[in-house]
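Here's query_11.pdb, which has PDB, C-alpha atoms:
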ATOM      1  CA  MET A 660       0.000   0.000   0.000  1.00  0.00           C
ATOM      2  CA  GLY A 661       2.746   2.441   0.891  1.00  0.00           C
ATOM      3  CA  SER A 662       4.476   2.002  -2.442  1.00  0.00           C
ATOM      4  CA  SER A 663       1.271   2.671  -4.436  1.00  0.00           C
ATOM      5  CA  VAL A 664       0.746   5.990  -2.617  1.00  0.00           C
ATOM      6  CA  MET A 665       4.365   6.872  -3.245  1.00  0.00           C
ATOM      7  CA  SER A 666       4.011   6.044  -6.913  1.00  0.00           C
ATOM      8  CA  ARG A 667       0.928   8.301  -7.194  1.00  0.00           C
ATOM      9  CA  LEU A 668       2.540  11.312  -5.489  1.00  0.00           C
ATOM     10  CA  PRO A 669       4.168  12.714  -8.638  1.00  0.00           C
ATOM     11  CA  VAL A 670       0.859  12.418 -10.502  1.00  0.00           C
ATOM     12  CA  LEU A 671      -1.066  14.043  -7.620  1.00  0.00           C
ATOM     13  CA  GLY A 672       1.573  16.733  -7.332  1.00  0.00           C
ATOM     14  CA  LEU A 673       1.343  17.455 -11.056  1.00  0.00           C
ATOM     15  CA  ALA A 674      -2.462  17.606 -10.864  1.00  0.00           C
ATOM     16  CA  LEU A 675      -2.208  20.020  -7.945  1.00  0.00           C
ATOM     17  CA  VAL A 676       0.234  22.257  -9.833  1.00  0.00           C
ATOM     18  CA  VAL A 677      -2.017  22.251 -12.919  1.00  0.00           C
ATOM     19  CA  ALA A 678      -5.062  23.112 -10.762  1.00  0.00           C
ATOM     20  CA  LEU A 679      -3.196  25.958  -9.071  1.00  0.00           C
ATOM     21  CA  LEU A 680      -1.953  27.324 -12.383  1.00  0.00           C
ATOM     22  CA  ALA A 681      -5.479  27.220 -13.773  1.00  0.00           C
ATOM     23  CA  ALA A 682      -6.765  29.138 -10.731  1.00  0.00           C
ATOM     24  CA  VAL A 683      -4.160  31.924 -10.954  1.00  0.00           C
ATOM     25  CA  PRO A 684      -5.815  33.789 -13.879  1.00  0.00           C
ATOM     26  CA  ALA A 685      -9.184  33.639 -12.116  1.00  0.00           C
ATOM     27  CA  VAL A 686      -7.672  35.088  -8.941  1.00  0.00           C
ATOM     28  CA  LEU A 687      -5.881  37.801 -10.908  1.00  0.00           C
ATOM     29  CA  ALA A 688      -9.079  38.650 -12.769  1.00  0.00           C
ATOM     30  CA  ASP A 689     -10.936  39.014  -9.480  1.00  0.00           C
ATOM     31  CA  GLU A 690      -8.220  41.284  -8.106  1.00  0.00           C
ATOM     32  CA  GLY A 691      -8.315  43.411 -11.286  1.00  0.00           C
ATOM     33  CA  GLU A 692     -12.097  43.809 -11.226  1.00  0.00           C
ATOM     34  CA  ILE A 693     -13.218  47.103  -9.762  1.00  0.00           C
ATOM     35  CA  THR A 694     -16.122  47.072  -7.323  1.00  0.00           C
ATOM     36  CA  ARG A 695     -19.025  49.498  -7.464  1.00  0.00           C
ATOM     37  CA  ASP A 696     -17.813  51.188  -4.262  1.00  0.00           C
ATOM     38  CA  GLU A 697     -14.307  51.592  -5.700  1.00  0.00           C
ATOM     39  CA  TYR A 698     -15.791  52.963  -8.909  1.00  0.00           C
ATOM     40  CA  VAL A 699     -17.857  55.523  -7.016  1.00  0.00           C
ATOM     41  CA  ALA A 700     -14.811  56.494  -4.930  1.00  0.00           C
ATOM     42  CA  ARG A 701     -12.784  57.101  -8.096  1.00  0.00           C
ATOM     43  CA  LEU A 702     -15.487  59.120  -9.872  1.00  0.00           C
ATOM     44  CA  GLU A 703     -16.591  61.346  -6.992  1.00  0.00           C
ATOM     45  CA  PRO A 704     -13.436  63.548  -6.991  1.00  0.00           C
ATOM     46  CA  ILE A 705     -13.791  64.085 -10.753  1.00  0.00           C
ATOM     47  CA  CYS A 706     -17.448  65.028 -10.334  1.00  0.00           C
ATOM     48  CA  LYS A 707     -16.645  67.271  -7.373  1.00  0.00           C
ATOM     49  CA  ALA A 708     -14.079  69.203  -9.408  1.00  0.00           C
ATOM     50  CA  ASN A 709     -16.597  69.585 -12.253  1.00  0.00           C
ATOM     51  CA  THR A 710     -19.345  70.680  -9.853  1.00  0.00           C
ATOM     52  CA  LYS A 711     -17.080  73.368  -8.409  1.00  0.00           C
ATOM     53  CA  ALA A 712     -15.993  74.535 -11.867  1.00  0.00           C
ATOM     54  CA  ASN A 713     -19.554  74.733 -13.158  1.00  0.00           C
ATOM     55  CA  ALA A 714     -20.801  76.431 -10.001  1.00  0.00           C
ATOM     56  CA  ARG A 715     -18.151  79.103 -10.577  1.00  0.00           C
ATOM     57  CA  ILE A 716     -18.851  79.356 -14.315  1.00  0.00           C
ATOM     58  CA  LEU A 717     -22.643  79.495 -13.965  1.00  0.00           C
ATOM     59  CA  LYS A 718     -22.910  81.579 -10.782  1.00  0.00           C
ATOM     60  CA  GLY A 719     -25.427  84.343 -11.418  1.00  0.00           C
ATOM     61  CA  VAL A 720     -26.245  83.234 -14.963  1.00  0.00           C
ATOM     62  CA  LYS A 721     -29.967  83.187 -14.157  1.00  0.00           C
ATOM     63  CA  GLY A 722     -29.755  86.874 -13.245  1.00  0.00           C
ATOM     64  CA  GLN A 723     -27.945  87.627 -16.488  1.00  0.00           C
ATOM     65  CA  VAL A 724     -30.730  85.964 -18.464  1.00  0.00           C
ATOM     66  CA  LYS A 725     -33.397  87.878 -16.518  1.00  0.00           C
ATOM     67  CA  GLN A 726     -31.559  91.146 -17.214  1.00  0.00           C
ATOM     68  CA  GLY A 727     -31.426  90.341 -20.923  1.00  0.00           C
ATOM     69  CA  LYS A 728     -27.662  89.797 -20.965  1.00  0.00           C
ATOM     70  CA  LEU A 729     -28.106  86.745 -23.161  1.00  0.00           C
ATOM     71  CA  VAL A 730     -24.777  86.717 -25.006  1.00  0.00           C
ATOM     72  CA  PRO A 731     -22.585  86.631 -21.874  1.00  0.00           C
ATOM     73  CA  ALA A 732     -24.931  84.076 -20.301  1.00  0.00           C
ATOM     74  CA  GLY A 733     -24.720  81.968 -23.447  1.00  0.00           C
ATOM     75  CA  LYS A 734     -20.927  82.048 -23.371  1.00  0.00           C
ATOM     76  CA  ARG A 735     -20.995  80.804 -19.793  1.00  0.00           C
ATOM     77  CA  PHE A 736     -23.241  77.860 -20.716  1.00  0.00           C
ATOM     78  CA  ILE A 737     -20.842  76.955 -23.515  1.00  0.00           C
ATOM     79  CA  ARG A 738     -17.887  77.109 -21.080  1.00  0.00           C
ATOM     80  CA  ALA A 739     -19.806  74.871 -18.654  1.00  0.00           C
ATOM     81  CA  SER A 740     -20.431  72.436 -21.495  1.00  0.00           C
ATOM     82  CA  GLY A 741     -16.705  72.267 -22.190  1.00  0.00           C
ATOM     83  CA  ALA A 742     -15.875  71.672 -18.523  1.00  0.00           C
ATOM     84  CA  LEU A 743     -18.435  68.878 -18.359  1.00  0.00           C
ATOM     85  CA  GLY A 744     -17.027  67.324 -21.533  1.00  0.00           C
ATOM     86  CA  ARG A 745     -13.528  67.212 -20.033  1.00  0.00           C
ATOM     87  CA  SER A 746     -14.891  65.622 -16.856  1.00  0.00           C
ATOM     88  CA  VAL A 747     -16.892  63.018 -18.774  1.00  0.00           C
ATOM     89  CA  ARG A 748     -13.748  62.033 -20.704  1.00  0.00           C
ATOM     90  CA  GLN A 749     -11.871  61.594 -17.406  1.00  0.00           C
ATOM     91  CA  MET A 750     -14.736  59.554 -15.969  1.00  0.00           C
ATOM     92  CA  ALA A 751     -14.947  57.364 -19.078  1.00  0.00           C
ATOM     93  CA  ALA A 752     -11.290  56.415 -18.608  1.00  0.00           C
ATOM     94  CA  VAL A 753     -12.038  54.836 -15.206  1.00  0.00           C
ATOM     95  CA  PRO A 754     -12.546  51.061 -15.488  1.00  0.00           C
ATOM     96  CA  LYS A 755     -16.180  50.106 -14.918  1.00  0.00           C
ATOM     97  CA  PRO A 756     -17.456  47.225 -12.803  1.00  0.00           C
ATOM     98  CA  SER A 757     -18.329  44.571 -15.403  1.00  0.00           C
ATOM     99  CA  ALA A 758     -21.720  43.895 -13.797  1.00  0.00           C
ATOM    100  CA  ASP A 759     -22.663  47.576 -14.273  1.00  0.00           C
ATOM    101  CA  THR A 760     -21.321  48.167 -17.785  1.00  0.00           C
ATOM    102  CA  ALA A 761     -24.730  48.436 -19.486  1.00  0.00           C
ATOM    103  CA  ARG A 762     -26.155  50.763 -16.824  1.00  0.00           C
ATOM    104  CA  LEU A 763     -23.067  52.972 -16.879  1.00  0.00           C
ATOM    105  CA  SER A 764     -23.084  53.131 -20.690  1.00  0.00           C
ATOM    106  CA  LYS A 765     -26.643  54.418 -20.488  1.00  0.00           C
ATOM    107  CA  TRP A 766     -25.600  56.957 -17.831  1.00  0.00           C
ATOM    108  CA  PHE A 767     -22.713  58.189 -19.984  1.00  0.00           C
ATOM    109  CA  LYS A 768     -25.164  58.775 -22.838  1.00  0.00           C
ATOM    110  CA  TYR A 769     -27.199  60.999 -20.502  1.00  0.00           C
ATOM    111  CA  LEU A 770     -24.018  62.857 -19.486  1.00  0.00           C
ATOM    112  CA  THR A 771     -23.157  63.376 -23.149  1.00  0.00           C
ATOM    113  CA  ASN A 772     -26.687  64.679 -23.712  1.00  0.00           C
ATOM    114  CA  GLU A 773     -26.246  67.040 -20.761  1.00  0.00           C
ATOM    115  CA  LYS A 774     -23.119  68.449 -22.356  1.00  0.00           C
ATOM    116  CA  ARG A 775     -24.964  68.862 -25.663  1.00  0.00           C
ATOM    117  CA  PHE A 776     -27.941  70.592 -23.986  1.00  0.00           C
ATOM    118  CA  LEU A 777     -25.648  73.035 -22.176  1.00  0.00           C
ATOM    119  CA  GLN A 778     -23.986  73.816 -25.497  1.00  0.00           C
ATOM    120  CA  LEU A 779     -27.336  74.292 -27.267  1.00  0.00           C
ATOM    121  CA  ILE A 780     -28.678  76.498 -24.469  1.00  0.00           C
ATOM    122  CA  GLY A 781     -25.549  78.627 -24.744  1.00  0.00           C
ATOM    123  CA  LYS A 782     -25.863  78.863 -28.509  1.00  0.00           C
ATOM    124  CA  SER A 783     -29.564  79.807 -28.252  1.00  0.00           C
ATOM    125  CA  LEU A 784     -28.825  82.519 -25.707  1.00  0.00           C
ATOM    126  CA  LYS A 785     -26.000  83.927 -27.830  1.00  0.00           C
ATOM    127  CA  GLU A 786     -28.463  84.093 -30.737  1.00  0.00           C
ATOM    128  CA  GLY A 787     -30.890  85.981 -28.480  1.00  0.00           C
ATOM    129  CA  ASN A 788     -33.451  83.173 -28.505  1.00  0.00           C
ATOM    130  CA  LYS A 789     -34.448  83.029 -24.845  1.00  0.00           C
ATOM    131  CA  PHE A 790     -37.587  80.964 -25.546  1.00  0.00           C
ATOM    132  CA  LYS A 791     -35.590  78.205 -27.283  1.00  0.00           C
ATOM    133  CA  ALA A 792     -33.079  78.223 -24.423  1.00  0.00           C
ATOM    134  CA  GLN A 793     -35.920  77.771 -21.914  1.00  0.00           C
ATOM    135  CA  LYS A 794     -37.305  74.822 -23.887  1.00  0.00           C
ATOM    136  CA  LEU A 795     -33.850  73.265 -23.954  1.00  0.00           C
ATOM    137  CA  ALA A 796     -33.477  73.860 -20.209  1.00  0.00           C
ATOM    138  CA  VAL A 797     -36.648  71.815 -19.620  1.00  0.00           C
ATOM    139  CA  LYS A 798     -35.186  69.009 -21.743  1.00  0.00           C
ATOM    140  CA  LEU A 799     -31.904  69.305 -19.848  1.00  0.00           C
ATOM    141  CA  ASN A 800     -33.680  68.893 -16.505  1.00  0.00           C
ATOM    142  CA  ARG A 801     -35.583  65.858 -17.788  1.00  0.00           C
ATOM    143  CA  ASN A 802     -32.335  64.348 -19.078  1.00  0.00           C
ATOM    144  CA  ASN A 803     -30.602  65.000 -15.752  1.00  0.00           C
ATOM    145  CA  ASN A 804     -33.420  63.329 -13.809  1.00  0.00           C
ATOM    146  CA  GLN A 805     -33.151  60.269 -16.059  1.00  0.00           C
ATOM    147  CA  ALA A 806     -29.378  60.212 -15.561  1.00  0.00           C
ATOM    148  CA  ASN A 807     -29.785  60.344 -11.786  1.00  0.00           C
ATOM    149  CA  ASN A 808     -32.417  57.605 -11.849  1.00  0.00           C
ATOM    150  CA  THR A 809     -30.137  55.373 -13.904  1.00  0.00           C
ATOM    151  CA  VAL A 810     -27.396  55.337 -11.262  1.00  0.00           C
ATOM    152  CA  ILE A 811     -29.384  55.976  -8.086  1.00  0.00           C
ATOM    153  CA  SER A 812     -28.259  52.621  -6.670  1.00  0.00           C
ATOM    154  CA  PHE A 813     -24.613  53.723  -6.823  1.00  0.00           C
ATOM    155  CA  GLY A 814     -25.114  56.258  -4.040  1.00  0.00           C
ATOM    156  CA  PHE A 815     -23.318  59.074  -5.844  1.00  0.00           C
ATOM    157  CA  ASP A 816     -23.184  62.422  -4.098  1.00  0.00           C
ATOM    158  CA  GLU A 817     -21.011  64.653  -6.267  1.00  0.00           C
ATOM    159  CA  CYS A 818     -21.909  62.755  -9.462  1.00  0.00           C
ATOM    160  CA  ARG A 819     -25.615  63.254  -8.867  1.00  0.00           C
ATOM    161  CA  ILE A 820     -26.768  66.025 -11.163  1.00  0.00           C
ATOM    162  CA  ASP A 821     -28.452  68.903  -9.347  1.00  0.00           C
ATOM    163  CA  SER A 822     -28.956  71.885 -11.623  1.00  0.00           C
ATOM    164  CA  SER A 823     -30.015  74.047  -8.681  1.00  0.00           C
ATOM    165  CA  ARG A 824     -26.397  73.982  -7.481  1.00  0.00           C
ATOM    166  CA  PHE A 825     -25.435  76.223 -10.383  1.00  0.00           C
ATOM    167  CA  ILE A 826     -28.137  78.807 -10.759  1.00  0.00           C
TER
END

Starting from the file, give its structure as C-alpha cells.
Amino acid sequence: MGSSVMSRLPVLGLALVVALLAAVPAVLADEGEITRDEYVARLEPICKANTKANARILKGVKGQVKQGKLVPAGKRFIRASGALGRSVRQMAAVPKPSADTARLSKWFKYLTNEKRFLQLIGKSLKEGNKFKAQKLAVKLNRNNNQANNTVISFGFDECRIDSSRFI
C-alpha cells in the first residue's frame, strides 16, 4: 500500500500544480475587477471638481438671463459644457465594474446629452433666442433626472446632477 501511494505522489503533485496554475488567472481577474464602491470612490473627486468649476462658471447666470444679458450668459453655458465634456472624458477612462457596464453606458449617454444641452442652451442665448433656451433647459432637466435615476443605486453624491447647485 505504501508504495502505491508513493508512486501516485508525482501524478497528484502534477495535478495540484495544474489546478493551481489554472486558478491563478481567475484570482488575478478578481483582483483586477473594480467594485461598485471603488468605482464611485474614483469618480466622486472628478465630479466634485466639475461641480465646483460649473458652479463658478454658472454663478449668477440666471440673473444675467433675466436682465437680458443673453450673449454673456450663453458664453458661460458653452464654457460649462466644455468643462463637463472634459470631466466626462476623465470619468470614461475609469474602469467600470463589469456587472454595471450596461447601466453605466446608459448613464454616460445621458451625461453626453447634458453636455450637448448646455452647449445648445448657450448657442440659443447667444443668438438671443431666450424661448428656445428655456425649452432646452426643460429638456436638460428631464435628461438629468433620467441620468440620476439610472445610477441611483450607486449612491453618488457629487456625481448626482443637481442643476439648482449652479443657478

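Taking atom CA of A:Thr710 and atom CA of A:Phe790 as the two end points, the separation is 26.2 Å.
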
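Put simply, the PyMOL selection byres ((chain A and resi 768) around 12) in this file takes in A:Gly744, A:Val747, A:Ala751, A:Ala761, A:Arg762, A:Leu763, A:Ser764, A:Lys765, A:Trp766, A:Phe767, A:Tyr769, A:Leu770, A:Thr771, A:Asn772, A:Glu773, A:Lys774, A:Arg775, A:Asn802, A:Asn803, A:Gln805, A:Ala806, A:Thr809.
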
> When the PyMOL selection byres ((chain A and resi 733) around 9) is applied to the file above, which residues end up in the set, as a list of chain:residue names?
Replying inline: A:Val720, A:Val724, A:Lys728, A:Leu729, A:Val730, A:Pro731, A:Ala732, A:Lys734, A:Arg735, A:Phe736, A:Ile737, A:Arg738, A:Gln778, A:Leu779, A:Ile780, A:Gly781, A:Lys782, A:Ser783, A:Leu784, A:Lys785, A:Glu786, A:Gly787

>> On this structure, the PyMOL selection byres ((chain A and resi 716) around 8) would catch which residues? List them as a ChimeraX atom specification, sorted by chain and number.
In response: /A:712-715,717-718,735-736,738-739

> Taking all atoms listed in the file into account, which of A:Ser746, A:Asn804, A:Gln723, A:Ser757 comes nearest A:Glu703?
Replying inline: A:Ser746

>> Need to verify the contact set: stretch 811-818 of chain A, 9 Å, all atoms listed in the file, exclusion of same-chain residues closer than 5 positions in sequence. Can you return it as a list in words?
In response: Arg695, Asp696, Val699, Ala700, Leu702, Glu703, Pro704, Ile705, Cys706, Lys707, Ala708, Asn709, Thr710 and Ala806 of chain A

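Taking atom CA of A:Ser822 and atom CA of A:Val810 as endpoints, the distance between them is 16.6 Å.
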
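Taking atom CA of A:Val753 and atom CA of A:Asn807 as endpoints, the distance between them is 18.9 Å.
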
Take stretch 755-817 of chain A from the block and save it with C-alpha atoms, as a short mmCIF file (atom, residue, chain, number, x, y, z; two decimals), in the first residue's frame.
data_model
loop_
_atom_site.label_atom_id
_atom_site.label_comp_id
_atom_site.auth_asym_id
_atom_site.auth_seq_id
_atom_site.Cartn_x
_atom_site.Cartn_y
_atom_site.Cartn_z
CA LYS A 755 -16.18 50.11 -14.92
CA PRO A 756 -17.46 47.22 -12.80
CA SER A 757 -18.33 44.57 -15.40
CA ALA A 758 -21.72 43.90 -13.80
CA ASP A 759 -22.66 47.58 -14.27
CA THR A 760 -21.32 48.17 -17.78
CA ALA A 761 -24.73 48.44 -19.49
CA ARG A 762 -26.16 50.76 -16.82
CA LEU A 763 -23.07 52.97 -16.88
CA SER A 764 -23.08 53.13 -20.69
CA LYS A 765 -26.64 54.42 -20.49
CA TRP A 766 -25.60 56.96 -17.83
CA PHE A 767 -22.71 58.19 -19.98
CA LYS A 768 -25.16 58.77 -22.84
CA TYR A 769 -27.20 61.00 -20.50
CA LEU A 770 -24.02 62.86 -19.49
CA THR A 771 -23.16 63.38 -23.15
CA ASN A 772 -26.69 64.68 -23.71
CA GLU A 773 -26.25 67.04 -20.76
CA LYS A 774 -23.12 68.45 -22.36
CA ARG A 775 -24.96 68.86 -25.66
CA PHE A 776 -27.94 70.59 -23.99
CA LEU A 777 -25.65 73.04 -22.18
CA GLN A 778 -23.99 73.82 -25.50
CA LEU A 779 -27.34 74.29 -27.27
CA ILE A 780 -28.68 76.50 -24.47
CA GLY A 781 -25.55 78.63 -24.74
CA LYS A 782 -25.86 78.86 -28.51
CA SER A 783 -29.56 79.81 -28.25
CA LEU A 784 -28.82 82.52 -25.71
CA LYS A 785 -26.00 83.93 -27.83
CA GLU A 786 -28.46 84.09 -30.74
CA GLY A 787 -30.89 85.98 -28.48
CA ASN A 788 -33.45 83.17 -28.51
CA LYS A 789 -34.45 83.03 -24.84
CA PHE A 790 -37.59 80.96 -25.55
CA LYS A 791 -35.59 78.21 -27.28
CA ALA A 792 -33.08 78.22 -24.42
CA GLN A 793 -35.92 77.77 -21.91
CA LYS A 794 -37.31 74.82 -23.89
CA LEU A 795 -33.85 73.27 -23.95
CA ALA A 796 -33.48 73.86 -20.21
CA VAL A 797 -36.65 71.81 -19.62
CA LYS A 798 -35.19 69.01 -21.74
CA LEU A 799 -31.90 69.31 -19.85
CA ASN A 800 -33.68 68.89 -16.50
CA ARG A 801 -35.58 65.86 -17.79
CA ASN A 802 -32.33 64.35 -19.08
CA ASN A 803 -30.60 65.00 -15.75
CA ASN A 804 -33.42 63.33 -13.81
CA GLN A 805 -33.15 60.27 -16.06
CA ALA A 806 -29.38 60.21 -15.56
CA ASN A 807 -29.78 60.34 -11.79
CA ASN A 808 -32.42 57.60 -11.85
CA THR A 809 -30.14 55.37 -13.90
CA VAL A 810 -27.40 55.34 -11.26
CA ILE A 811 -29.38 55.98 -8.09
CA SER A 812 -28.26 52.62 -6.67
CA PHE A 813 -24.61 53.72 -6.82
CA GLY A 814 -25.11 56.26 -4.04
CA PHE A 815 -23.32 59.07 -5.84
CA ASP A 816 -23.18 62.42 -4.10
CA GLU A 817 -21.01 64.65 -6.27
#
